[in-house]
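Here's the structure, in structure tokens; my notes come after.
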Amino acid sequence: MDIIKSYIKKNLKIYLLLIVFIFIFVLIFYLYNLPFEALFYSGSLCFVAALITSIIDFNNYRKSYIYLKHLESNILNSMEDLPKSLDIRVEYYQKIIERLHNEVEKLKIEDNKKMEGLVDYYSMWIHQIKTPIAAINFLLDNEEIDVKAFRQELFKIERYVEMVLTYIRLGSETSDYVITSINLDEVVRENIKKYATLFINKKIKLNYVSHETYVISDKKWLGFAFEQLLSNAIKYTKSGGEISINISESKLVIEDNGIGIYEEDLPRIFEQSFTGLNGRYEKKSSGLGLYLCKKTLDKLQHKIEITSEINKGTKVEVTFPVKDTLRD
């Protein structure tokens, strides 16, 4: 019943216009004293033709209605089978619907990729954090607790927690960047102090001359990026090795004489979860540190370049913009 009412409502103007035409014909026949038999026959033929046309049109309208009702619950799977229409307005509505559908599908694919990335990340993160937790449990089982080793494992847990928080923040649309002129020397010294225990435990020599150097950046986020680079340098430098840090108004350079990176791995070192040959052999890498570092520096509009030779060492250069483009 609803479909009949809808069809009549849709064609109401045409039916009213048809009635007006009939009234005009009757009036003309009456005023000119024309035989009404001719009017009756011609009117009957027109009525039958209009009735047949209406039945055919209503049948098409009903089919279209039933199909659209079916699509209501299956629209995401049947967009290409939308019923054809001779009405150009309906065609444009369909084009708009198809475009919106394509955008929804695109967003779904992006969300699925993000979700896969999150699952991969958290799976790897859980695997990483289990190692220091197991080490702490082992230390607690001993009668005499090695405080130095305990703190070292606790430090690793803190780093992993910071990393996961950074991963979430980097994926967020909002940001808490505070771009200003910062003392790069403070950023370097704070992180050196944080990793002092690891330097001592591995007997790594540090070459760094402290001096005030100001760059345009965000202190917290630049500190996070530098921490990842320093952590990697310590991680892949053997005991008794050497790490050099140099800073200037346009560049931060970290150089070590560690195990290096294979040439074929260099183009992919910033990819998420990529560990490289050395990372897999040493079983120390998660493939997340450099990925997060690169993502952070990109948002800060800083450039990072890494060169390396296997068994000779790695050199990392972070270049800062001369002009304060971030605040322009």
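Chain identifiers are assigned as A, B, and so on, following the order in which chains appear in the structure tokens; residues are numbered from 1 within each chain, and ligands are numbered from 1 in order of appearance.
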
Residues of region 133-156 of chain A at most 10 Å from region 191-201 of chain A: nearest atom pair and distance in Å, only C-alpha atoms, as a Markdown table:
| residue | atom | partner | partner_atom | distance |
| --- | --- | --- | --- | --- |
| A:Lys148 | CA | A:Thr197 | CA | 8.6 |
| A:Ala149 | CA | A:Asn201 | CA | 9.8 |
| A:Arg151 | CA | A:Thr197 | CA | 9.4 |
| A:Gln152 | CA | A:Thr197 | CA | 7.7 |
| A:Phe155 | CA | A:Lys194 | CA | 9.1 |

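Proximity to Ala225 (chain A) at 8 Å, evaluated using only C-alpha atoms and with sequence-adjacent residues fewer than 5 positions away removed, yields Leu292, Cys293, Lys294, Thr296 and Leu297 of chain A.
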
Take the residues from that selection and put them in a file with N, CA and C atoms, as a PDB file, in the first residue's frame.
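Wrote result.pdb, looks like this:
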ATOM      1  N   LEU A 292      60.049   4.927  14.629  1.00  0.00           N
ATOM      2  CA  LEU A 292      59.459   6.005  15.429  1.00  0.00           C
ATOM      3  C   LEU A 292      60.324   7.263  15.381  1.00  0.00           C
ATOM      4  N   CYS A 293      61.631   7.075  15.361  1.00  0.00           N
ATOM      5  CA  CYS A 293      62.564   8.201  15.282  1.00  0.00           C
ATOM      6  C   CYS A 293      62.349   8.981  13.991  1.00  0.00           C
ATOM      7  N   LYS A 294      62.269   8.255  12.861  1.00  0.00           N
ATOM      8  CA  LYS A 294      62.084   8.898  11.553  1.00  0.00           C
ATOM      9  C   LYS A 294      60.740   9.616  11.487  1.00  0.00           C
ATOM     10  N   THR A 296      59.010  10.815  13.960  1.00  0.00           N
ATOM     11  CA  THR A 296      59.078  12.000  14.831  1.00  0.00           C
ATOM     12  C   THR A 296      59.828  13.135  14.152  1.00  0.00           C
ATOM     13  N   LEU A 297      60.982  12.828  13.578  1.00  0.00           N
ATOM     14  CA  LEU A 297      61.797  13.861  12.922  1.00  0.00           C
ATOM     15  C   LEU A 297      61.098  14.426  11.687  1.00  0.00           C
TER      16      LEU A 297
END

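Using only C-alpha atoms for every distance, the candidate list A:Thr131, A:Asn137, A:Thr237, A:Thr213 yields A:Thr213 as the residue closest to Glu186 (chain A).
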
Item to complete: DSSP on the backbone, then: every residue of region 164-223 of chain A marked alpha helix (DSSP H), written as number ranges by chain.
Response: A: 164-171, 184-194, 196-201, 219-223
